[in-house]
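Report on one structure; see the data block that follows.
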Amino acid sequence: MKRVDAGAHPREGRSGARGVVVRGLSGGYEPGRDALSEVSFAAEPGQIVGVLGPNGGGKTTLFRALLGELPIRRGEVELPGGPAYVPQTERARLDFPVSALDVVLMGAYARTPWFRRIARRDRDAARAVLERIGLADEADASFGALSGGQRQRVLIGRALLQDAPVLLLDEPLSGVDGVSAARIDALFAELRAERRTLLVATHDVRQAGEWDRVLCLHGRQVDYGRPAAVLSPETLRETYGAELIVLEGGGRAVGVGHHAH
Amino acid sequence: MSLDLGAPYVQRALLEMLLLALPAGLLGSWIVLRRLAFFTHAVGTVSFPALVLASAWGIAPQLAALAAALGFGVAQERLERTRRLGADAATGLLLVGALAAGVVLASDVFESGTEVDTLLFGSLIGLSASDVWLTALVAAGAVALDAGLRRHWLGAGFEPAGARALGLRPVLADRMLLAGIAAAAIVALSAVGALLVTVVLVVPAATARLLTDRLASLQLAAIALAAVEGVAAVWLADSLNVGAGPALAVLGGTVFALVAVATALRARAVPA
């Protein structure tokens, strides 16, 4: 099992920093059965990679591998530093006694010794993050009282405070309101300008087509490259099988493969 | 109906209740937030047969309860790992088994039913100085655990999938939480009985949860509530000559019901 951590902070090596490199990765939780295999790609700093695939196709499994939580059998993963992870909002408990600010501050846990209060610098940074995600007025609102899109923005804010060179986002745009989607899009552009690498799992093919690279997974890697080269009907058919893809936002749906209706 | 504060057993009982208020408020809040009430109840109940044996063999009841809690943890994990039983069903099975074993053992060991009552529902007179010392130790441990691990419990409990990416240690922290709760349940059962550990470890925190939406105030309110209810329960138990456990259960249940009704009424008067 190899997981190389180059350890460079995004602020330090922005000019020469490397992005995410994955070589011949195979791994899984069950002994003898790979949940994901033959994954090889390189994403540079400042690139947004759309990760496409059907449910159970390995998107989350790839994220687990990058987070160092998946037993890797073959291959290796190279990261410029520990990645930040943004889960789907449904994964977070709505009945926990935490405010939007509390959740963002969790991004500073790793650099706060247990016996210390969270540093003033990080508290100020958290306020700035709330401003940045457009929720400065909701700092003290309970996380559970926010809308789905606002909750998603708060979870992204938590990753922003972590200040990680790599961000892994699990369907950050599915089911969010228009205001939140626009704000998240703008944040993606800023993060790209900051030379961070974003891996974004999504079901929305059209949206992935607007990003820098697309990674298609179906238990194994189907294809990786520029959207124009990758997003062909053949590749999508191989990625999704006969599954229907819903293009969110536009409310349109396209069938990939041959549908009877 | 006044409490004889000069009596050593009353002093010990009051001290025990005040000390228990610390784990009740600190760990009790986590029990409520992390949905571990059934686990807490189970640790108390599975210790019942062990307490019967301890009393027959003349060993420390807390030691026997600790052994039972460890056995419970192992058995629970085994039953769950077969994947044919959910965690709750596995716990339920073990509880029934423990109660049955306890009753069978008790009929062999004890002459009268009162001793069984004491084990199940607690006794004020039965508290020894070493019981109180042990509770003080666990209370100090609860303060230390909460201080050291509260961010892990909060972060991982709020959203487990991203916990490790935040630099948290969710597996280790959760094991420590379960161990801390088990220790708190074990020292609580000598005061309130094997069947009623949840009245001290769950009910005050559940009541406080109705009143506040912040972790720190939840824990402080739960500590205060557990202390006040505990002291009142000692007075009630002494006056009515009942066990401390049942007295606290009636008190805690009543306060919870009143707070629940009051907060529901207020929510209706001021719609969010």
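By convention here, the chains of the structure tokens are called A, B, ... in the order presented, each chain's residues are numbered starting at 1, and ligands are numbered starting at 1 in the order presented.
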
- So which residues touch B:Gly162 within 9 Å, counting only C-alpha atoms, skipping near sequence neighbours fewer than 6 positions away, as a list of chain:residue names? A:Ala84, A:Tyr85, A:Val86, A:Pro87, B:Gly155, B:Ala156, B:Leu168

- Task: Extract, using only C-alpha atoms, all DNA, RNA and protein residues at most 6 Å from stretch 133-149 of chain B, discarding same-chain residues fewer than 2 positions from it, and format them as a list in words.
- Result: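 Once the adjacent positions are removed, what remains is Trp114 of chain A; Leu19, Leu22, Pro23, Ser130, Asp131, Arg151, His152 and Val187 of chain B.
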
- Query: If we count only C-alpha atoms, what is near stretch 67-83 of chain B at a cut-off of 10 Å, once residues fewer than 5 positions away on the same chain are taken out, given as JSON, numbers by chain?
  - Reply: {"B": [39, 42, 43, 44, 45, 46, 47, 48, 49, 50, 51, 61, 62, 88, 89, 90, 91, 93, 94, 95, 98, 178, 179, 182, 183, 185, 186]}

- Note on the structure: atom CA of A:Leu199 to atom CA of A:Leu168 measures 4.9 Å

- Kindly give the distance, in Å, that separates atom CA of B:Leu105 and atom CA of B:Ala13, rounded to a single decimal.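 If I compute the distance from atom CA of B:Leu105 to atom CA of B:Ala13, I get 28.2 Å.
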
- Query: Looking only at the backbone, which of the residues in stretch 5-147 of chain B does DSSP tag as alpha helix (DSSP H), as a PyMOL selection string?
  - Reply: chain B and resi 8-33+37-57+61-81+87-109+113-121+129-147

Selection export as a short mmCIF file (atom, residue, chain, number, x, y, z; two decimals), in the first residue's frame, atoms kept: C-alpha atoms:
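File written: result_8.cif
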```cif
data_model
loop_
_atom_site.label_atom_id
_atom_site.label_comp_id
_atom_site.auth_asym_id
_atom_site.auth_seq_id
_atom_site.Cartn_x
_atom_site.Cartn_y
_atom_site.Cartn_z
CA PRO B 8 -23.28 9.43 57.24
CA TYR B 9 -25.44 7.48 54.79
CA VAL B 10 -27.26 10.69 53.80
CA GLN B 11 -23.96 12.52 53.32
CA ARG B 12 -22.62 9.71 51.18
CA ALA B 13 -25.81 9.59 49.13
CA LEU B 14 -25.78 13.35 48.50
CA LEU B 15 -22.09 13.33 47.60
CA GLU B 16 -22.64 10.37 45.27
CA MET B 17 -25.46 12.16 43.46
CA LEU B 18 -23.47 15.38 43.09
CA LEU B 19 -20.46 13.47 41.75
CA LEU B 20 -22.66 11.49 39.34
CA ALA B 21 -23.97 14.78 37.98
CA LEU B 22 -20.61 15.31 36.20
CA PRO B 23 -20.65 12.19 34.02
CA ALA B 24 -24.43 12.55 33.74
CA GLY B 25 -24.08 16.00 32.24
CA LEU B 26 -20.85 15.61 30.25
CA LEU B 27 -21.20 12.05 28.94
CA GLY B 28 -25.01 12.13 29.15
CA SER B 29 -25.06 14.90 26.55
CA TRP B 30 -23.02 12.70 24.21
CA ILE B 31 -25.28 9.73 24.96
CA VAL B 32 -28.24 11.81 23.81
CA LEU B 33 -26.48 13.35 20.79
CA ALA B 37 -29.22 5.53 25.39
CA PHE B 38 -29.99 1.88 24.65
CA PHE B 39 -26.31 0.97 24.97
CA THR B 40 -26.21 2.76 28.33
CA HIS B 41 -29.29 0.90 29.52
CA ALA B 42 -27.76 -2.38 28.32
CA VAL B 43 -24.51 -1.91 30.25
CA GLY B 44 -26.53 -1.48 33.44
CA THR B 45 -28.81 -4.41 32.83
CA VAL B 46 -26.17 -6.95 31.78
CA SER B 47 -24.35 -6.26 35.02
CA PHE B 48 -27.31 -7.61 37.04
CA PRO B 49 -26.30 -11.30 37.02
CA ALA B 50 -22.70 -10.26 37.70
CA LEU B 51 -23.84 -8.24 40.73
CA VAL B 52 -25.70 -11.28 42.06
CA LEU B 53 -22.57 -13.39 41.75
CA ALA B 54 -20.41 -10.65 43.26
CA SER B 55 -22.65 -10.52 46.27
CA ALA B 56 -22.54 -14.33 46.62
CA TRP B 57 -18.76 -14.48 46.31
CA PRO B 61 -19.76 -5.26 42.62
CA GLN B 62 -18.11 -2.72 40.28
CA LEU B 63 -15.45 -5.28 39.36
CA ALA B 64 -18.11 -7.83 38.48
CA ALA B 65 -20.07 -5.22 36.54
CA LEU B 66 -16.93 -4.28 34.62
CA ALA B 67 -16.42 -7.92 33.64
CA ALA B 68 -20.06 -8.11 32.54
CA ALA B 69 -19.73 -4.92 30.48
CA LEU B 70 -16.62 -6.28 28.75
CA GLY B 71 -18.39 -9.56 28.06
CA PHE B 72 -21.34 -7.59 26.73
CA GLY B 73 -19.11 -5.63 24.37
CA VAL B 74 -17.50 -8.80 22.98
CA ALA B 75 -20.81 -10.66 22.64
CA GLN B 76 -22.44 -7.65 21.02
CA GLU B 77 -19.69 -7.36 18.42
CA ARG B 78 -19.84 -11.10 17.65
CA LEU B 79 -23.61 -11.08 17.27
CA GLU B 80 -23.46 -8.03 15.04
CA ARG B 81 -20.68 -9.41 12.90
CA ALA B 87 -27.37 -3.94 16.70
CA ASP B 88 -30.60 -3.21 18.57
CA ALA B 89 -31.91 -6.74 18.19
CA ALA B 90 -28.59 -8.14 19.40
CA THR B 91 -28.64 -5.84 22.44
CA GLY B 92 -32.25 -6.79 23.17
CA LEU B 93 -31.42 -10.47 23.11
CA LEU B 94 -28.48 -10.00 25.46
CA LEU B 95 -30.60 -7.95 27.86
CA VAL B 96 -33.27 -10.63 28.14
CA GLY B 97 -30.59 -13.26 28.66
CA ALA B 98 -28.88 -11.18 31.36
CA LEU B 99 -32.11 -10.51 33.28
CA ALA B 100 -33.13 -14.18 33.12
CA ALA B 101 -29.69 -15.33 34.25
CA GLY B 102 -29.75 -12.77 37.07
CA VAL B 103 -33.14 -13.87 38.35
CA VAL B 104 -32.22 -17.58 38.23
CA LEU B 105 -28.94 -16.91 40.02
CA ALA B 106 -30.64 -14.66 42.56
CA SER B 107 -33.16 -17.33 43.53
CA ASP B 108 -30.21 -19.56 44.46
CA VAL B 109 -28.14 -16.90 46.18
CA GLY B 113 -36.49 -10.49 47.32
CA THR B 114 -35.34 -7.23 48.92
CA GLU B 115 -31.74 -7.83 47.98
CA VAL B 116 -32.79 -8.35 44.37
CA ASP B 117 -34.73 -5.08 44.57
CA THR B 118 -31.64 -3.30 45.84
CA LEU B 119 -29.53 -4.56 42.95
CA LEU B 120 -32.16 -3.64 40.37
CA PHE B 121 -33.31 -0.30 41.79
CA ALA B 129 -17.23 5.14 51.12
CA SER B 130 -15.37 3.23 48.42
CA ASP B 131 -18.44 3.46 46.16
CA VAL B 132 -18.27 7.23 46.47
CA TRP B 133 -14.50 7.28 45.86
CA LEU B 134 -14.94 5.21 42.75
CA THR B 135 -17.63 7.58 41.51
CA ALA B 136 -15.29 10.52 42.13
CA LEU B 137 -12.64 8.74 40.05
CA VAL B 138 -15.07 8.17 37.17
CA ALA B 139 -16.32 11.76 37.42
CA ALA B 140 -12.75 13.02 37.07
CA GLY B 141 -12.25 10.63 34.16
CA ALA B 142 -15.41 11.93 32.46
CA VAL B 143 -14.14 15.51 32.74
CA ALA B 144 -10.77 14.50 31.25
CA LEU B 145 -12.31 12.42 28.43
CA ASP B 146 -14.73 15.17 27.49
CA ALA B 147 -11.99 17.80 27.47
#
```

- Which residue gives the smallest distance to B:Leu211 among B:Ser2, B:Ser128, B:Thr254, B:Thr263, with only C-alpha atoms counted?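 Result for the nearest residue to B:Leu211: B:Thr263.
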
- Item | Close residues, stretch 158-161 of chain A itself excluded, 6 Å, only C-alpha atoms, min 2 positions apart in chain, as a PyMOL selection string | chain A and resi 84+104+107+155-156+163

- Give me, as a PyMOL selection string, the contact residues of chain A against chain B at a cut-off of 8 Å, counting only C-alpha atoms. chain A and resi 67+82-87+91-93+96-98+106-110+114-115+142+162

Can those selected residues be exported to a file as a PDB file, in the first residue's frame so that it contains N, CA and C atoms?
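Once written, part-v5.pdb looks like this:
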```pdb
ATOM      1  N   LEU A  67      -8.339   9.692   0.450  1.00  0.00           N
ATOM      2  CA  LEU A  67      -8.321  10.090   1.848  1.00  0.00           C
ATOM      3  C   LEU A  67      -7.503   9.120   2.703  1.00  0.00           C
ATOM      4  N   GLY A  82      -2.738  16.619   2.647  1.00  0.00           N
ATOM      5  CA  GLY A  82      -3.996  15.964   2.985  1.00  0.00           C
ATOM      6  C   GLY A  82      -5.173  16.647   2.309  1.00  0.00           C
ATOM      7  N   PRO A  83      -6.051  15.880   1.635  1.00  0.00           N
ATOM      8  CA  PRO A  83      -7.192  16.492   0.971  1.00  0.00           C
ATOM      9  C   PRO A  83      -8.311  16.842   1.959  1.00  0.00           C
ATOM     10  N   ALA A  84      -9.111  17.838   1.590  1.00  0.00           N
ATOM     11  CA  ALA A  84     -10.326  18.136   2.354  1.00  0.00           C
ATOM     12  C   ALA A  84     -11.488  17.412   1.674  1.00  0.00           C
ATOM     13  N   TYR A  85     -12.470  16.993   2.466  1.00  0.00           N
ATOM     14  CA  TYR A  85     -13.574  16.222   1.921  1.00  0.00           C
ATOM     15  C   TYR A  85     -14.889  16.941   2.201  1.00  0.00           C
ATOM     16  N   VAL A  86     -15.696  17.087   1.146  1.00  0.00           N
ATOM     17  CA  VAL A  86     -17.017  17.712   1.315  1.00  0.00           C
ATOM     18  C   VAL A  86     -18.080  16.661   1.015  1.00  0.00           C
ATOM     19  N   PRO A  87     -18.772  16.192   2.051  1.00  0.00           N
ATOM     20  CA  PRO A  87     -19.754  15.121   1.843  1.00  0.00           C
ATOM     21  C   PRO A  87     -21.062  15.674   1.283  1.00  0.00           C
ATOM     22  N   ARG A  91     -25.444  13.434   4.582  1.00  0.00           N
ATOM     23  CA  ARG A  91     -24.606  12.669   5.494  1.00  0.00           C
ATOM     24  C   ARG A  91     -24.449  13.346   6.843  1.00  0.00           C
ATOM     25  N   ALA A  92     -24.797  14.630   6.927  1.00  0.00           N
ATOM     26  CA  ALA A  92     -24.594  15.368   8.175  1.00  0.00           C
ATOM     27  C   ALA A  92     -25.866  15.330   9.022  1.00  0.00           C
ATOM     28  N   ARG A  93     -25.664  15.223  10.333  1.00  0.00           N
ATOM     29  CA  ARG A  93     -26.811  15.173  11.252  1.00  0.00           C
ATOM     30  C   ARG A  93     -27.399  16.576  11.405  1.00  0.00           C
ATOM     31  N   PHE A  96     -27.750  18.035  15.418  1.00  0.00           N
ATOM     32  CA  PHE A  96     -26.609  18.288  16.286  1.00  0.00           C
ATOM     33  C   PHE A  96     -26.591  19.760  16.703  1.00  0.00           C
ATOM     34  N   PRO A  97     -26.176  20.023  17.940  1.00  0.00           N
ATOM     35  CA  PRO A  97     -26.180  21.415  18.411  1.00  0.00           C
ATOM     36  C   PRO A  97     -24.993  22.197  17.868  1.00  0.00           C
ATOM     37  N   VAL A  98     -24.953  22.395  16.554  1.00  0.00           N
ATOM     38  CA  VAL A  98     -23.868  23.162  15.948  1.00  0.00           C
ATOM     39  C   VAL A  98     -24.443  24.267  15.067  1.00  0.00           C
ATOM     40  N   MET A 106     -14.828  23.516  12.347  1.00  0.00           N
ATOM     41  CA  MET A 106     -14.293  22.145  12.378  1.00  0.00           C
ATOM     42  C   MET A 106     -13.111  22.010  11.421  1.00  0.00           C
ATOM     43  N   GLY A 107     -13.061  22.886  10.405  1.00  0.00           N
ATOM     44  CA  GLY A 107     -11.942  22.865   9.473  1.00  0.00           C
ATOM     45  C   GLY A 107     -10.619  23.210  10.146  1.00  0.00           C
ATOM     46  N   ALA A 108     -10.669  23.789  11.342  1.00  0.00           N
ATOM     47  CA  ALA A 108      -9.439  24.156  12.058  1.00  0.00           C
ATOM     48  C   ALA A 108      -9.077  23.139  13.140  1.00  0.00           C
ATOM     49  N   TYR A 109      -9.878  22.071  13.270  1.00  0.00           N
ATOM     50  CA  TYR A 109      -9.618  21.079  14.333  1.00  0.00           C
ATOM     51  C   TYR A 109      -8.213  20.486  14.239  1.00  0.00           C
ATOM     52  N   ALA A 110      -7.800  20.172  12.998  1.00  0.00           N
ATOM     53  CA  ALA A 110      -6.530  19.449  12.840  1.00  0.00           C
ATOM     54  C   ALA A 110      -5.350  20.266  13.342  1.00  0.00           C
ATOM     55  N   TRP A 114      -5.820  19.834  21.593  1.00  0.00           N
ATOM     56  CA  TRP A 114      -7.071  19.586  22.299  1.00  0.00           C
ATOM     57  C   TRP A 114      -7.271  20.500  23.502  1.00  0.00           C
ATOM     58  N   PHE A 115      -6.168  20.961  24.085  1.00  0.00           N
ATOM     59  CA  PHE A 115      -6.296  21.760  25.317  1.00  0.00           C
ATOM     60  C   PHE A 115      -6.453  23.255  25.032  1.00  0.00           C
ATOM     61  N   SER A 142     -28.553  27.563  13.495  1.00  0.00           N
ATOM     62  CA  SER A 142     -28.305  26.134  13.610  1.00  0.00           C
ATOM     63  C   SER A 142     -28.145  25.528  12.224  1.00  0.00           C
ATOM     64  N   GLN A 162     -10.016  24.488   6.090  1.00  0.00           N
ATOM     65  CA  GLN A 162      -8.926  23.518   6.158  1.00  0.00           C
ATOM     66  C   GLN A 162      -7.757  23.958   5.303  1.00  0.00           C
TER      67      GLN A 162
END
```

- Polymer residues at most 12 Å from A:Glu238, only C-alpha atoms, same-chain spacing of 6 or more positions, as an NGL selection string: :A and (52-54 or 57 or 216-223 or 230-232 or 256-257)

- Which of stretch 33-240 of chain A fall in strand (DSSP E or B), as a PyMOL selection string: chain A and resi 36-43+48-52+72-79+84-86+99+142+166-170+197-201+213-217+220-225

Restrict the selected residues to C-alpha atoms and save them as a tab-separated table (two decimals), in the first residue's frame.
```tsv
chain	number	residue	atom	x	y	z
A	36	LEU	CA	-12.20	-0.03	-7.88
A	37	SER	CA	-9.42	-1.02	-10.26
A	38	GLU	CA	-7.04	0.22	-12.94
A	39	VAL	CA	-7.34	3.90	-12.10
A	40	SER	CA	-4.55	6.09	-13.49
A	41	PHE	CA	-4.80	9.82	-13.95
A	42	ALA	CA	-2.99	13.05	-13.18
A	43	ALA	CA	-4.76	16.28	-12.28
A	48	ILE	CA	-11.39	20.81	-11.75
A	49	VAL	CA	-11.99	17.16	-12.48
A	50	GLY	CA	-15.56	15.93	-12.92
A	51	VAL	CA	-15.87	12.36	-11.68
A	52	LEU	CA	-18.68	10.56	-13.48
A	72	ILE	CA	-5.05	-0.10	-1.66
A	73	ARG	CA	-3.91	-3.39	-3.21
A	74	ARG	CA	-1.95	-2.17	-6.18
A	75	GLY	CA	-0.74	1.16	-7.44
A	76	GLU	CA	-0.10	4.42	-5.68
A	77	VAL	CA	-1.57	7.80	-4.91
A	78	GLU	CA	0.44	11.01	-4.84
A	79	LEU	CA	-0.97	14.08	-3.13
A	84	ALA	CA	-10.33	18.14	2.35
A	85	TYR	CA	-13.57	16.22	1.92
A	86	VAL	CA	-17.02	17.71	1.32
A	99	SER	CA	-24.17	26.53	14.22
A	142	SER	CA	-28.31	26.13	13.61
A	166	VAL	CA	-6.90	19.20	-2.86
A	167	LEU	CA	-10.67	19.19	-2.37
A	168	LEU	CA	-12.87	16.15	-2.87
A	169	LEU	CA	-16.53	17.04	-3.30
A	170	ASP	CA	-19.33	14.47	-3.34
A	197	THR	CA	-7.12	20.72	-7.39
A	198	LEU	CA	-10.82	19.84	-7.19
A	199	LEU	CA	-12.29	16.41	-7.75
A	200	VAL	CA	-16.05	16.70	-8.05
A	201	ALA	CA	-18.28	13.61	-8.13
A	213	ARG	CA	-11.00	17.14	-17.03
A	214	VAL	CA	-13.48	14.29	-16.80
A	215	LEU	CA	-12.89	10.93	-15.12
A	216	CYS	CA	-15.35	8.18	-16.01
A	217	LEU	CA	-15.60	5.27	-13.58
A	220	ARG	CA	-12.68	0.56	-13.20
A	221	GLN	CA	-11.50	3.60	-15.14
A	222	VAL	CA	-13.39	3.93	-18.41
A	223	ASP	CA	-11.68	7.09	-19.60
A	224	TYR	CA	-9.91	10.25	-18.46
A	225	GLY	CA	-9.12	13.46	-20.30
```

- Task: Please identify all polymer residues within 9 Å of A:Ala136, counting only C-alpha atoms, omitting same-chain residues fewer than 6 positions from it, and present them as number ranges by chain.
- Result: A: 101, 127-130

- Task: Determine, counting only C-alpha atoms, which protein, DNA and RNA residues have an atom within 9 Å of an atom of B:Ala233; residues of the same chain fewer than 2 positions away are not included. Present the result as a count of residues only.
- Result: 18

- For B:Leu172, the nearest of the candidates B:Ala60, B:Val203, B:Trp153, B:Glu111, counting only C-alpha atoms: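 Using only C-alpha atoms, B:Leu172 sits closest to B:Trp153.
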
- Task: Can you work out which one of B:Leu127, B:Val171, B:Ala206, B:Leu85 has the shortest atom-to-atom distance to B:Gly193, counting only C-alpha atoms?
- Result: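 Looking at the shortest contact to B:Gly193, the residue is B:Leu127.
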
- Take atom CA of A:Arg33 and atom CA of B:Ala173 and report the distance between them in Å, one decimal. 29.5 Å

Can you build me a table of stretch 138-202 of chain A residues sitting at most 6 Å from stretch 44-47 of chain A, with the closest atom pair per residue and its distance in Å to one decimal, using only C-alpha atoms, sorted by chain and residue number, as a tab-separated table?
```
residue	atom	partner	partner_atom	distance
A:Arg192	CA	A:Gly46	CA	4.3
A:Arg195	CA	A:Gly46	CA	3.8
A:Arg196	CA	A:Gly46	CA	4.9
A:Thr197	CA	A:Pro45	CA	4.9
```

Export, as a short mmCIF file (atom, residue, chain, number, x, y, z; two decimals), in the first residue's frame, the selected residues with C-alpha atoms.
```
data_model
loop_
_atom_site.label_atom_id
_atom_site.label_comp_id
_atom_site.auth_asym_id
_atom_site.auth_seq_id
_atom_site.Cartn_x
_atom_site.Cartn_y
_atom_site.Cartn_z
CA ARG A 192 -9.14 27.03 -9.43
CA ARG A 195 -4.22 26.63 -7.95
CA ARG A 196 -6.03 24.03 -5.90
CA THR A 197 -7.12 20.72 -7.39
#
```
